[in-house]
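Trainee: Let me give you the structure first, and then I'll get to my questions.
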Amino acid sequence: MTQSKVLAELQELNLNYLLLVQKLVTEDRDAAIFRLKIDEDLADLIAEMSVKDLTLLARQPQSWLRPCVDATKTLKEILSNSRAPSMRETHLAMLMASASA
């Protein structure tokens with residue numbers, strides 16, 4: 001895959017992500033702030049942005065997505081724990097809720 005194709009796909013992913021974030025913020029602001037780990041000012045800004053502004057952000061050569069889990073070891077243990085597969089979703093939710101922004 002060429003570098004220009006990778007960049008184009010990254011920009012498309014960025015735009016889709018930013019549009020989804022905007023939709024989440026406008027539909028349920030409080031839940032979006034919690035789930036996306038953003039502050040109120042950023043939520044307000046994203047909600048007010050035009051598609052043109054979102055596209056401008058998306059065209060930057062960096063990803064707007066980033067994992068919010070810093071506890072790689074903990075994540076690995078949760079995913080590989082075969083003793084309590086029914087608790088996996090609960091443990092993942094707890095890990096994500098405790099992840100730093």
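In the structure tokens, chains take the letters A, B, ... in the order shown, each chain's residues start at 1, and ligands count up from 1 in the order shown.
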Might you pull out every residue within 8 Å of A:Leu10, with only C-alpha atoms counted and same-chain residues fewer than 2 positions away left off, and present them as a tab-separated table (two decimals) with C-alpha atoms, in the first residue's frame?
Mentor:
chain	number	residue	atom	x	y	z
A	6	VAL	CA	-2.53	5.17	3.63
A	7	LEU	CA	-2.84	8.92	4.15
A	8	ALA	CA	-6.11	9.03	2.19
A	12	GLU	CA	-11.32	9.19	5.61
A	13	LEU	CA	-11.20	7.45	8.98
A	14	ASN	CA	-10.64	10.80	10.70
A	61	PRO	CA	-1.85	13.77	8.57
A	62	GLN	CA	-2.38	12.51	12.12
A	63	SER	CA	-5.03	10.25	13.58
Trainee: From a DSSP calculation on the backbone, collect every residue of chain A in helix (DSSP H, G or I) and output the set as JSON, numbers by chain.
Mentor: {"A": [3, 4, 5, 6, 7, 8, 9, 10, 11, 12, 13, 14, 15, 16, 17, 18, 19, 20, 21, 22, 23, 24, 25, 26, 27, 29, 30, 31, 32, 33, 34, 35, 36, 40, 41, 42, 43, 44, 45, 46, 47, 48, 51, 52, 53, 54, 55, 56, 57, 58, 72, 73, 74, 75, 76, 77, 78, 79, 80, 85, 86, 87, 88, 89, 90, 91, 92, 93, 94, 95, 96, 97, 98]}
Trainee: Using only C-alpha atoms, which residues sit within 7 Å of A:Ala58 once same-chain residues fewer than 4 positions away are excluded, as a list in words?
Mentor: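 My list of contacting residues is Gln11, Asn14, Leu15 and Leu54 of chain A.
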Trainee: Output C-alpha atoms of each residue in that selection to a file, as a PDB file, in the first residue's frame.
Mentor:
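Contents of again_20.pdb, freshly written:
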ATOM      1  CA  GLN A  11      -8.131  11.094   6.442  1.00  0.00           C
ATOM      2  CA  ASN A  14     -10.643  10.805  10.700  1.00  0.00           C
ATOM      3  CA  LEU A  15     -13.645  12.357   8.995  1.00  0.00           C
ATOM      4  CA  LEU A  54     -14.517  18.840  10.384  1.00  0.00           C
TER       5      LEU A  54
END
Trainee: Name the closest residue to A:Lys76 among the candidates A:Tyr17, A:Leu95, A:Gln60, A:Thr2; distances are taken between atoms, counting only C-alpha atoms.
Mentor: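 The answer is A:Leu95, which sits nearest to A:Lys76.
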